[in-house]
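A.B. asks: start_33.cif is reproduced in full below (mmCIF, C-alpha atoms).
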data_target
loop_
_atom_site.label_atom_id
_atom_site.label_comp_id
_atom_site.auth_asym_id
_atom_site.auth_seq_id
_atom_site.Cartn_x
_atom_site.Cartn_y
_atom_site.Cartn_z
CA MET A 1 -134.19 39.54 165.81
CA LYS A 2 -131.39 38.78 163.35
CA ARG A 3 -133.01 41.16 160.88
CA VAL A 4 -133.08 43.96 163.46
CA ILE A 5 -129.42 43.42 164.37
CA GLY A 6 -128.45 43.36 160.68
CA PHE A 7 -130.40 46.55 159.99
CA LEU A 8 -128.78 48.36 162.91
CA SER A 9 -125.30 47.22 161.81
CA ILE A 10 -125.84 48.52 158.30
CA LEU A 11 -127.24 51.83 159.67
CA ILE A 12 -124.22 52.30 161.93
CA ILE A 13 -121.81 51.65 159.03
CA VAL A 14 -123.65 54.12 156.80
CA LEU A 15 -123.65 56.81 159.49
CA ILE A 16 -119.93 56.31 160.20
CA GLY A 17 -119.15 56.55 156.50
CA TYR A 18 -121.29 59.68 156.12
CA TYR A 19 -119.58 61.56 158.93
CA LEU A 20 -116.04 60.36 158.14
CA GLN A 21 -116.18 61.19 154.41
CA PRO A 22 -115.39 64.94 154.81
CA VAL A 23 -112.46 64.04 157.04
CA LEU A 24 -111.02 61.32 154.81
CA PHE A 25 -111.80 63.12 151.52
CA PRO A 26 -111.89 66.89 152.14
CA PRO A 27 -113.33 68.96 149.26
CA ALA A 28 -110.89 71.00 147.14
CA PRO A 29 -110.85 74.71 148.13
CA GLU A 30 -112.75 77.01 145.77
CA THR A 31 -111.16 80.17 144.33
CA LYS A 32 -113.34 83.12 145.18
CA LYS A 33 -113.13 85.94 142.67
CA VAL A 34 -114.76 88.27 145.16
CA GLU A 35 -111.65 88.25 147.38
CA HIS A 36 -109.47 89.21 144.41
CA ASP A 37 -111.76 92.09 143.59
CA GLN A 38 -111.61 93.27 147.20
CA ARG A 39 -107.81 93.34 147.10
CA MET A 40 -107.90 95.45 143.96
CA VAL A 41 -110.27 97.95 145.56
CA ARG A 42 -108.00 98.30 148.58
CA HIS A 43 -105.12 99.53 146.39
CA LYS A 44 -107.27 101.95 144.46
CA ALA A 45 -106.97 105.58 145.64
CA LEU A 46 -110.13 106.79 147.32
CA LYS A 47 -111.88 109.78 145.85
CA HIS A 48 -110.74 112.88 147.69
CA GLN A 49 -113.22 115.13 149.44
CA THR A 50 -114.20 118.44 147.88
CA ILE A 51 -115.48 121.36 149.92
CA GLU A 52 -117.63 124.37 149.10
CA THR A 53 -115.88 127.10 147.12
CA GLU A 54 -115.21 130.09 149.35
CA GLY A 55 -112.84 133.03 149.75
CA TYR A 56 -109.86 133.27 147.42
CA ALA A 57 -110.84 129.99 145.72
CA GLU A 58 -113.71 131.85 144.02
CA TYR A 59 -111.25 133.99 142.02
CA VAL A 60 -108.93 131.28 140.66
CA LYS A 61 -109.45 130.79 136.88
CA GLN A 62 -111.42 134.06 136.81
CA PRO A 63 -110.44 137.32 135.03
CA VAL A 64 -108.02 139.33 137.17
CA GLY A 65 -110.43 142.29 136.91
CA LYS A 66 -112.91 140.40 139.07
CA PHE A 67 -110.25 139.95 141.75
CA GLU A 68 -109.21 143.61 141.62
CA ALA A 69 -112.81 144.77 141.88
CA LYS A 70 -112.74 143.23 145.36
CA PHE A 71 -109.12 143.78 146.49
CA GLY A 72 -108.10 146.93 144.64
CA GLN A 73 -105.39 147.72 142.13
CA PRO A 74 -101.92 146.13 142.45
CA THR A 75 -99.10 148.10 144.03
CA LYS A 76 -96.64 146.54 141.58
CA ILE A 77 -96.66 144.28 138.51
CA GLU A 78 -93.62 142.22 137.48
CA ASP A 79 -92.83 139.59 134.85
CA SER A 80 -91.80 136.20 136.19
CA GLY A 81 -89.81 135.08 133.17
CA PHE A 82 -91.92 131.90 133.02
CA PHE A 83 -94.89 133.16 131.00
CA PHE A 84 -96.90 134.47 133.92
CA GLN A 85 -97.14 137.85 135.56
CA THR A 86 -96.97 138.47 139.31
CA ARG A 87 -99.12 141.21 140.81
CA TYR A 88 -98.66 142.50 144.35
CA TYR A 89 -101.48 143.89 146.50
CA SER A 90 -101.55 145.68 149.81
CA LEU A 91 -102.56 143.57 152.81
CA ASP A 92 -102.57 144.66 156.43
CA GLN A 93 -99.88 142.70 158.28
CA GLY A 94 -99.23 140.27 155.48
CA VAL A 95 -98.40 139.54 151.86
CA LEU A 96 -100.82 139.05 148.96
CA GLU A 97 -99.57 138.03 145.51
CA VAL A 98 -101.44 136.87 142.42
CA ASN A 99 -100.05 135.08 139.37
CA VAL A 100 -101.85 136.03 136.16
CA GLU A 101 -101.82 134.09 132.88
CA ALA A 102 -103.58 135.40 129.78
CA GLY A 103 -105.54 137.85 131.91
CA ASN A 104 -106.85 135.19 134.31
CA VAL A 105 -105.89 134.40 137.91
CA SER A 106 -103.89 131.17 138.11
CA VAL A 107 -102.37 131.32 141.62
CA ILE A 108 -103.20 133.39 144.71
CA LYS A 109 -100.61 133.43 147.53
CA VAL A 110 -101.35 134.96 150.88
CA MET A 111 -99.32 135.09 154.12
CA SER A 112 -100.47 136.42 157.46
CA GLN A 113 -100.55 135.48 161.13
CA ASN A 114 -104.10 136.21 162.15
CA GLY A 115 -107.34 136.78 160.33
CA GLU A 116 -109.83 134.96 158.17
CA LEU A 117 -108.83 132.83 155.23
CA GLU A 118 -112.23 131.52 154.24
CA PRO A 119 -113.03 128.81 155.01
CA PHE A 120 -109.88 128.64 157.15
CA LYS A 121 -108.15 130.95 159.60
CA PHE A 122 -104.54 132.05 159.93
CA GLY A 123 -102.98 130.87 163.16
CA MET A 124 -105.10 127.71 163.34
CA THR A 125 -103.32 124.42 163.99
CA ASN A 126 -103.42 121.32 161.82
CA ARG A 127 -105.51 119.59 164.47
CA GLN A 128 -108.09 122.36 164.30
CA LEU A 129 -108.14 122.04 160.52
CA SER A 130 -108.66 118.27 160.66
CA GLU A 131 -111.57 118.81 163.05
CA GLN A 132 -113.11 121.17 160.50
CA ILE A 133 -112.72 119.02 157.37
CA ASN A 134 -111.61 115.51 156.45
CA LEU A 135 -108.11 115.75 155.02
CA SER A 136 -107.28 113.48 152.07
CA ALA A 137 -103.94 111.78 151.47
CA ASP A 138 -104.74 110.49 147.96
CA PHE A 139 -105.99 112.61 145.08
CA SER A 140 -107.20 111.10 141.81
CA LEU A 141 -107.30 113.84 139.17
CA ASP A 142 -107.68 114.16 135.43
CA TYR A 143 -105.59 116.64 133.47
CA ASP A 144 -105.76 116.89 129.70
CA GLU A 145 -107.71 113.58 129.64
CA GLU A 146 -104.88 111.83 131.51
CA PRO A 147 -105.38 110.36 135.02
CA VAL A 148 -103.02 111.62 137.74
CA VAL A 149 -102.73 110.17 141.25
CA ILE A 150 -101.07 112.32 143.94
CA GLU A 151 -100.04 110.90 147.31
CA LEU A 152 -99.30 113.02 150.38
CA SER A 153 -96.82 111.79 152.97
CA GLU A 154 -97.42 112.06 156.72
CA ASN A 155 -95.35 115.25 156.81
CA ASP A 156 -97.29 116.64 153.85
CA MET A 157 -100.55 115.95 155.66
CA ARG A 158 -99.27 117.71 158.76
CA TYR A 159 -97.48 120.72 157.27
CA ARG A 160 -98.65 121.00 153.63
CA PRO A 161 -102.18 119.53 153.33
CA LEU A 162 -103.96 119.78 150.00
CA ILE A 163 -107.58 120.95 149.84
CA ALA A 164 -109.88 120.51 146.83
CA PHE A 165 -112.81 122.85 146.12
CA LYS A 166 -115.94 122.05 144.14
CA ASN A 167 -114.98 124.48 141.35
CA ASP A 168 -111.96 122.29 140.45
CA THR A 169 -109.45 124.55 142.19
CA PHE A 170 -107.12 123.70 145.06
CA ALA A 171 -105.42 125.19 148.10
CA ILE A 172 -102.11 124.16 149.64
CA LEU A 173 -102.05 125.22 153.28
CA PHE A 174 -98.62 125.77 154.81
CA PHE A 175 -98.14 125.26 158.53
CA ASN A 176 -95.01 126.53 160.24
CA GLY A 177 -92.67 123.61 160.92
CA ASP A 178 -91.89 124.98 164.38
CA SER A 179 -95.12 126.43 165.75
CA ASP A 180 -97.49 124.14 163.78
CA LYS A 181 -99.69 127.14 162.93
CA LEU A 182 -101.13 128.10 159.55
CA ILE A 183 -98.96 130.92 158.16
CA GLY A 184 -99.42 130.80 154.36
CA ALA A 185 -101.69 129.47 151.64
CA ALA A 186 -101.60 129.09 147.87
CA TYR A 187 -104.83 128.79 145.87
CA LEU A 188 -104.28 127.41 142.38
CA ASP A 189 -105.73 125.69 139.34
CA ILE A 190 -104.88 122.10 138.46
CA GLU A 191 -102.21 123.07 135.91
CA ASN A 192 -100.21 125.08 138.45
CA LEU A 193 -100.79 122.43 141.10
CA LEU A 194 -99.04 119.93 138.83
CA ARG A 195 -96.23 122.43 138.16
CA LEU A 196 -95.55 123.72 141.67
CA MET A 197 -96.68 120.96 143.99
CA PRO A 198 -94.26 119.48 146.54
CA TYR A 199 -95.96 116.06 146.55
CA GLN A 200 -95.25 112.63 145.10
CA ILE A 201 -97.03 111.46 141.97
CA ASN A 202 -97.89 107.74 141.93
CA SER A 203 -99.53 107.70 138.52
CA GLY A 204 -99.29 110.11 135.62
CA ASN A 205 -96.68 112.80 135.10
CA PRO A 206 -96.08 116.14 136.79
CA LEU A 207 -95.88 119.15 134.50
CA ALA A 208 -92.44 120.59 133.87
CA ASN A 209 -91.90 124.25 134.66
CA ARG A 210 -92.15 126.40 131.59
CA ILE A 211 -88.93 127.24 129.77
CA GLN A 212 -87.70 130.73 130.57
CA GLU A 213 -88.70 133.58 128.31
CA SER A 214 -85.63 134.56 126.31
CA ASN A 215 -86.82 138.03 125.26
CA LEU A 216 -86.66 139.42 128.82
CA ASP A 217 -83.74 140.93 130.73
CA TRP A 218 -82.97 138.22 133.27
CA ASN A 219 -80.59 140.46 135.21
CA VAL A 220 -83.56 142.71 135.96
CA LEU A 221 -85.84 139.76 136.76
CA ASN A 222 -83.27 138.19 139.09
CA GLN A 223 -82.83 141.49 140.94
CA GLN A 224 -86.59 141.97 141.31
CA LYS A 225 -87.03 138.46 142.71
CA GLN A 226 -84.15 138.90 145.13
CA THR A 227 -85.75 142.07 146.48
CA ARG A 228 -89.18 140.48 146.78
CA LEU A 229 -87.83 137.37 148.50
CA ILE A 230 -85.94 139.48 151.07
CA GLU A 231 -89.10 141.50 151.71
CA SER A 232 -91.17 138.31 152.10
CA ILE A 233 -88.65 136.75 154.50
CA ASN A 234 -88.66 139.89 156.65
CA GLN A 235 -92.45 140.08 156.51
CA TYR A 236 -92.56 136.49 157.76
CA ARG A 237 -90.22 137.38 160.62
CA MET A 238 -92.38 140.33 161.60
CA LEU A 239 -95.44 138.08 161.65
CA ARG A 240 -93.47 135.81 163.99
CA LYS A 241 -92.54 138.86 166.10
CA LEU A 242 -88.85 138.41 165.28
CA PRO A 243 -86.41 141.21 164.39
CA VAL A 244 -85.96 141.63 160.65
CA PHE A 245 -82.78 140.66 158.85
CA GLN A 246 -80.46 143.43 157.75
CA THR A 247 -79.07 143.44 154.22
CA ASN A 248 -75.67 144.81 153.29
CA SER A 249 -73.32 144.67 150.34
CA THR A 250 -71.06 142.10 152.02
CA ALA A 251 -73.78 139.48 152.49
CA MET A 252 -75.34 140.14 149.08
CA THR A 253 -71.99 139.89 147.30
CA ALA A 254 -71.07 136.72 149.18
CA SER A 255 -74.34 135.00 148.24
CA LYS A 256 -73.93 135.97 144.59
CA ASP A 257 -70.32 134.74 144.52
CA MET A 258 -71.28 131.37 146.04
CA LEU A 259 -74.17 130.92 143.64
CA LYS A 260 -72.09 131.84 140.60
CA THR A 261 -69.28 129.49 141.64
CA PHE A 262 -71.62 126.55 142.08
CA LEU A 263 -73.55 127.07 138.84
CA THR A 264 -70.28 127.50 136.93
CA SER A 265 -68.44 124.50 138.43
CA PRO A 266 -70.81 122.18 140.34
CA LYS A 267 -68.31 119.30 139.98
CA LYS A 268 -66.00 121.08 142.41
CA VAL A 269 -68.65 120.75 145.12
CA LEU A 270 -70.63 117.60 144.31
CA SER A 271 -69.68 113.93 144.31
CA GLN A 272 -70.23 111.91 141.14
CA GLU A 273 -73.52 110.53 142.48
CA ARG A 274 -74.76 113.95 143.56
CA MET A 275 -73.69 115.39 140.23
CA GLY A 276 -76.03 112.92 138.57
CA GLU A 277 -78.88 114.12 140.80
CA TRP A 278 -78.15 117.74 139.95
CA GLU A 279 -78.10 117.04 136.20
CA THR A 280 -81.40 115.14 136.47
CA ASP A 281 -82.94 118.08 138.32
CA GLN A 282 -81.74 120.54 135.71
CA SER A 283 -82.99 118.51 132.77
CA ALA A 284 -86.37 117.61 134.28
CA HIS A 285 -87.40 121.11 135.44
CA LEU A 286 -89.80 119.54 137.95
CA SER A 287 -90.67 121.32 141.17
CA ASN A 288 -91.29 118.06 143.02
CA LEU A 289 -87.72 116.97 142.16
CA SER A 290 -86.08 119.73 144.16
CA PHE A 291 -82.34 119.88 144.74
CA GLU A 292 -80.67 121.21 147.89
CA LEU A 293 -77.01 121.45 148.79
CA ALA A 294 -76.16 119.44 151.90
CA PRO A 295 -74.48 121.25 154.85
CA ALA A 296 -71.09 119.72 153.99
CA GLU A 297 -71.46 120.81 150.36
CA LEU A 298 -72.33 124.36 151.40
CA LYS A 299 -69.28 124.48 153.66
CA LYS A 300 -67.10 123.25 150.80
CA LEU A 301 -68.55 125.89 148.49
CA ALA A 302 -68.06 128.67 151.06
CA LYS A 303 -64.49 127.56 151.72
CA THR A 304 -63.72 127.92 148.03
CA GLU A 305 -64.85 131.55 148.17
CA GLU A 306 -63.36 132.12 151.66
CA ILE A 307 -66.79 133.11 153.00
CA ASP A 308 -67.96 132.75 156.59
CA TYR A 309 -71.64 132.29 157.35
CA LEU A 310 -74.01 131.27 160.12
CA ALA A 311 -76.58 129.51 157.94
CA SER A 312 -77.13 128.96 154.24
CA LEU A 313 -79.49 127.38 151.73
CA PHE A 314 -79.20 126.49 148.05
CA TYR A 315 -82.48 125.44 146.43
CA SER A 316 -83.61 124.65 142.90
CA PRO A 317 -85.98 125.04 141.17
CA THR A 318 -87.39 128.32 142.46
CA VAL A 319 -89.92 129.47 139.87
CA ASP A 320 -92.12 131.35 142.33
CA PRO A 321 -90.08 132.79 145.27
CA LEU A 322 -93.01 133.28 147.68
CA PHE A 323 -94.33 129.77 147.02
CA SER A 324 -90.81 128.44 147.68
CA LEU A 325 -90.67 130.38 150.95
CA PHE A 326 -93.97 128.80 152.01
CA ASN A 327 -92.47 125.39 151.24
CA TRP A 328 -89.28 126.15 153.20
CA ILE A 329 -91.00 127.38 156.37
CA SER A 330 -93.15 124.23 156.44
CA ARG A 331 -90.09 121.97 156.63
CA ASP A 332 -88.19 121.31 159.86
CA HIS A 333 -84.69 121.38 158.38
CA LEU A 334 -85.33 124.63 156.47
CA ASN A 335 -87.53 126.79 158.70
CA GLU A 336 -84.72 127.19 161.27
CA LEU A 337 -82.99 129.42 158.74
CA TYR A 338 -85.74 132.01 159.06
CA ASP A 339 -86.81 131.47 162.67
CA ASP A 340 -83.48 132.35 164.31
CA PRO A 341 -84.43 134.87 167.03
CA ASN A 342 -81.16 136.78 166.55
CA ALA A 343 -81.19 139.29 163.70
CA ASN A 344 -78.26 138.90 161.31
CA SER A 345 -77.18 140.01 157.87
CA LEU A 346 -79.13 138.42 155.01
CA GLY A 347 -77.92 137.88 151.47
CA VAL A 348 -80.06 136.48 148.65
CA ALA A 349 -78.92 135.61 145.14
CA ILE A 350 -81.22 134.31 142.39
CA ASN A 351 -80.23 133.11 138.96
CA GLN A 352 -83.33 132.08 137.01
CA GLU A 353 -84.44 128.86 138.79
CA SER A 354 -81.69 128.70 141.42
CA VAL A 355 -81.53 130.60 144.72
CA LEU A 356 -78.88 130.85 147.42
CA VAL A 357 -79.73 132.36 150.81
CA LEU A 358 -76.89 133.34 153.15
CA ILE A 359 -77.03 134.53 156.75
CA GLN A 360 -73.94 136.12 158.23
CA GLU A 361 -73.04 137.95 161.40
CA PRO A 362 -73.87 141.67 161.27
CA GLU A 363 -71.13 143.94 160.04
CA LYS A 364 -69.31 145.70 162.84
CA THR A 365 -69.37 149.49 162.78
CA LYS A 366 -67.25 152.00 164.65
CA ASP A 367 -70.11 152.53 167.09
CA SER A 368 -70.37 148.82 167.83
CA GLU A 369 -66.66 148.23 168.30
#
Step by step, read the file and then write its structure as structure tokens.
C.D. replies:
Amino acid sequence: MKRVIGFLSILIIVLIGYYLQPVLFPPAPETKKVEHDQRMVRHKALKHQTIETEGYAEYVKQPVGKFEAKFGQPTKIEDSGFFFQTRYYSLDQGVLEVNVEAGNVSVIKVMSQNGELEPFKFGMTNRQLSEQINLSADFSLDYDEEPVVIELSENDMRYRPLIAFKNDTFAILFFNGDSDKLIGAAYLDIENLLRLMPYQINSGNPLANRIQESNLDWNVLNQQKQTRLIESINQYRMLRKLPVFQTNSTAMTASKDMLKTFLTSPKKVLSQERMGEWETDQSAHLSNLSFELAPAELKKLAKTEEIDYLASLFYSPTVDPLFSLFNWISRDHLNELYDDPNANSLGVAINQESVLVLIQEPEKTKDSE
């Protein structure tokens, strides 16, 4: 009996010690490398989706002759001053422009209200687009053997989504900031994407805009771009069923005077901090580092010239006027300038990479007095 009691006592002690050991002496936590690897993967940009090459995307990086075999001869050809040529084509109820470099199509810009835009459709909403394809916010690209990571903000995704095609070309779709409908699109190769894009780069470097060609008459180029931008703005208003802006010498002269004054003496308008931003913009020549004059700065500039206006915009850089217009109409604080239902006098001044748009009250005539 004593042996049985002794055996049971020893068994109980052993069992108690076995079960209490993990409590009294917990094992040291192990470092799991797998968790670290998972964290690294989470921060890595996902590969963006590519879709089948259709429509205008088929002509990017191709000889311009292939494009013109389908869409006809251009109605006008103009130098840009930045080592590419802009060709204009007729389009029912819209605008069609093509940038050509070394005989090949580099950018196709098209604006309309209705109609096919394979594989998209003018007038569609962003929601309809997202139901059609999966939109990407992160793009991991390679340019000249260098990795580049582009990140789209929430506003970019809504108003300026980026689409990648399987032939290594891209499309930026521009939705009107007011109506949320697709109004314009730019199809481009990777080089022009990195030059013109309005997005943030998280890794790698954007490409600077090319230095202006010095052997061209920039007075002529500036005048041509002013005319084309006015025509594009009015075409946009017609697509929106709004009355077109009127142009007159008063508004045009006022816009040129304001632009000249600012470019000559920006320190008279800008604070020291803003002056630093302007100088950075001018030295970098990057489209994604755009510079705008604030409303108070525009008022100060106009007061210097004793000019009255209803609305105004100063924007730099503007290498491609129609692309800039697409960008403006997709932004809430800029599209109001062109969506005012009341027709007024429009003045546009361009000096190489800088543009100033001015809207004034219509001039009074004897008949209207």
A.B. asks: Name the closest residue to Phe314 of chain A among the candidates A:Leu270, A:Leu337, A:Val95, A:Leu259; distances are taken between atoms, counting all atoms listed in the file.
C.D. replies: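 Of A:Leu270, A:Leu337, A:Val95, A:Leu259, the one nearest Phe314 of chain A, counting all atoms listed in the file, is A:Leu259.
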A.B. asks: At what distance in Å, to one decimal, does atom CA of Met157 of chain A lie from atom CA of Glu145 of chain A?
C.D. replies: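 Separation between atom CA of Glu145 of chain A and atom CA of Met157 of chain A: 27.1 Å.
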A.B. asks: Write out as a list in words the residues lying within 10 Å of His48 of chain A, counting only C-alpha atoms and excluding same-chain residues fewer than 5 positions away.
C.D. replies: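 My reading of the contact set: Asn134, Leu135, Ser136, Ala137, Asp138, Phe139, Ser140, Leu141, Leu162, Ile163 and Ala164 of chain A.
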A.B. asks: Would you put the residues from that selection into a file with C-alpha atoms, as a compact mmCIF listing (two decimals), in the coordinates of the input?
C.D. replies:
# COMPACT_ATOMS: atom_id res chain seq x y z
CA ASN A 134 -111.61 115.51 156.45
CA LEU A 135 -108.11 115.75 155.02
CA SER A 136 -107.28 113.48 152.07
CA ALA A 137 -103.94 111.78 151.47
CA ASP A 138 -104.74 110.49 147.96
CA PHE A 139 -105.99 112.61 145.08
CA SER A 140 -107.20 111.10 141.81
CA LEU A 141 -107.30 113.84 139.17
CA LEU A 162 -103.96 119.78 150.00
CA ILE A 163 -107.58 120.95 149.84
CA ALA A 164 -109.88 120.51 146.83
A.B. asks: Within 10 Å of (-93.0, 115.3, 144.5) in the file's own coordinates, which protein, DNA or RNA residues have an atom, counting only C-alpha atoms? List them as a PDB file with C-alpha atoms, in the coordinates of the input.
C.D. replies:
ATOM      1  CA  ILE A 150    -101.070 112.320 143.940  1.00  0.00           C
ATOM      2  CA  GLU A 151    -100.040 110.900 147.310  1.00  0.00           C
ATOM      3  CA  LEU A 152     -99.300 113.020 150.380  1.00  0.00           C
ATOM      4  CA  SER A 153     -96.820 111.790 152.970  1.00  0.00           C
ATOM      5  CA  LEU A 194     -99.040 119.930 138.830  1.00  0.00           C
ATOM      6  CA  LEU A 196     -95.550 123.720 141.670  1.00  0.00           C
ATOM      7  CA  MET A 197     -96.680 120.960 143.990  1.00  0.00           C
ATOM      8  CA  PRO A 198     -94.260 119.480 146.540  1.00  0.00           C
ATOM      9  CA  TYR A 199     -95.960 116.060 146.550  1.00  0.00           C
ATOM     10  CA  GLN A 200     -95.250 112.630 145.100  1.00  0.00           C
ATOM     11  CA  ILE A 201     -97.030 111.460 141.970  1.00  0.00           C
ATOM     12  CA  ASN A 202     -97.890 107.740 141.930  1.00  0.00           C
ATOM     13  CA  PRO A 206     -96.080 116.140 136.790  1.00  0.00           C
ATOM     14  CA  LEU A 286     -89.800 119.540 137.950  1.00  0.00           C
ATOM     15  CA  SER A 287     -90.670 121.320 141.170  1.00  0.00           C
ATOM     16  CA  ASN A 288     -91.290 118.060 143.020  1.00  0.00           C
ATOM     17  CA  LEU A 289     -87.720 116.970 142.160  1.00  0.00           C
ATOM     18  CA  SER A 290     -86.080 119.730 144.160  1.00  0.00           C
TER      19      SER A 290
END
A.B. asks: Evaluate the PyMOL selection byres ((chain A and resi 211) around 10) against this structure - the residues, as a list of chain:residue names, please.
C.D. replies: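 Going through the file, the PyMOL selection byres ((chain A and resi 211) around 10) ends up selecting A:Gly81, A:Phe82, A:Phe83, A:Ala208, A:Asn209, A:Arg210, A:Gln212, A:Glu213, A:Ser214, A:His285.
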A.B. asks: Separation of atom CA of Gln223 of chain A and atom CA of Tyr338 of chain A, in Å?
C.D. replies: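 Here the two named atoms are 20.7 Å from each other.
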A.B. asks: Could you pull the residues within 9 Å of Met124 of chain A, counting all atoms listed in the file, minus those fewer than 2 positions along the same chain, as a list of chain:residue names?
C.D. replies: A:Asn114, A:Phe120, A:Lys121, A:Phe122, A:Asn126, A:Arg127, A:Gln128, A:Leu129, A:Phe175, A:Asp180, A:Lys181, A:Leu182, A:Ile183
A.B. asks: Could you write out as a ChimeraX atom specification the residues that the PyMOL selection byres ((chain A and resi 350) around 10) matches in the shown file?
C.D. replies: /A:219,221-227,229,255-256,259-260,314-316,318,321,348-349,351-357
A.B. asks: What gap, in Å, lies between atom CA of Gln235 of chain A and atom CA of Ala294 of chain A?
C.D. replies: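 Atom CA of Ala294 of chain A lies at a distance of 26.7 Å from atom CA of Gln235 of chain A.
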A.B. asks: Just so the selection is clear, what residues does the PyMOL selection byres ((chain A and resi 334) around 12) cover here, as number ranges by chain?
C.D. replies: A: 176-178, 292-295, 311-315, 324-333, 335-340, 357
A.B. asks: Taking (-116.0, 126.5, 150.4) in the coordinates of the supplied file, I want to know which residues reach to within 9 Å of it, counting only C-alpha atoms; could you give the answer as number ranges by chain?
C.D. replies: A: 50-55, 57-58, 118-119, 165-166
A.B. asks: Contacts of Ala251 of chain A at 7 Å or less, counting all atoms listed in the file, minus same-chain residues fewer than 6 places along, as a PyMOL selection string?
C.D. replies: chain A and resi 345-347+358+360
A.B. asks: Please identify all polymer residues within 9 Å of Val107 of chain A, counting all atoms listed in the file, omitting same-chain residues fewer than 6 positions from it, and present them as a PyMOL selection string.
C.D. replies: chain A and resi 60-61+97-100+186-189+192
A.B. asks: What's the 9 Å shell around Asp308 of chain A, counting all atoms listed in the file, without same-chain residues fewer than 4 positions away, as number ranges by chain?
C.D. replies: A: 254, 299, 302-303, 360-361
A.B. asks: Looking at A:Phe71, A:Gly94, A:Leu298, A:Pro317, which one is nearest to Thr280 of chain A, with distances taken over only C-alpha atoms?
C.D. replies: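 Smallest distance to Thr280 of chain A is found for A:Pro317.
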A.B. asks: Given the choices A:Phe84, A:Tyr59, A:Tyr89, A:Phe291, which gets closest to Gly72 of chain A if the distance is worked out from all atoms listed in the file?
C.D. replies: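 Checking each candidate against Gly72 of chain A, we get A:Tyr89 as the closest.
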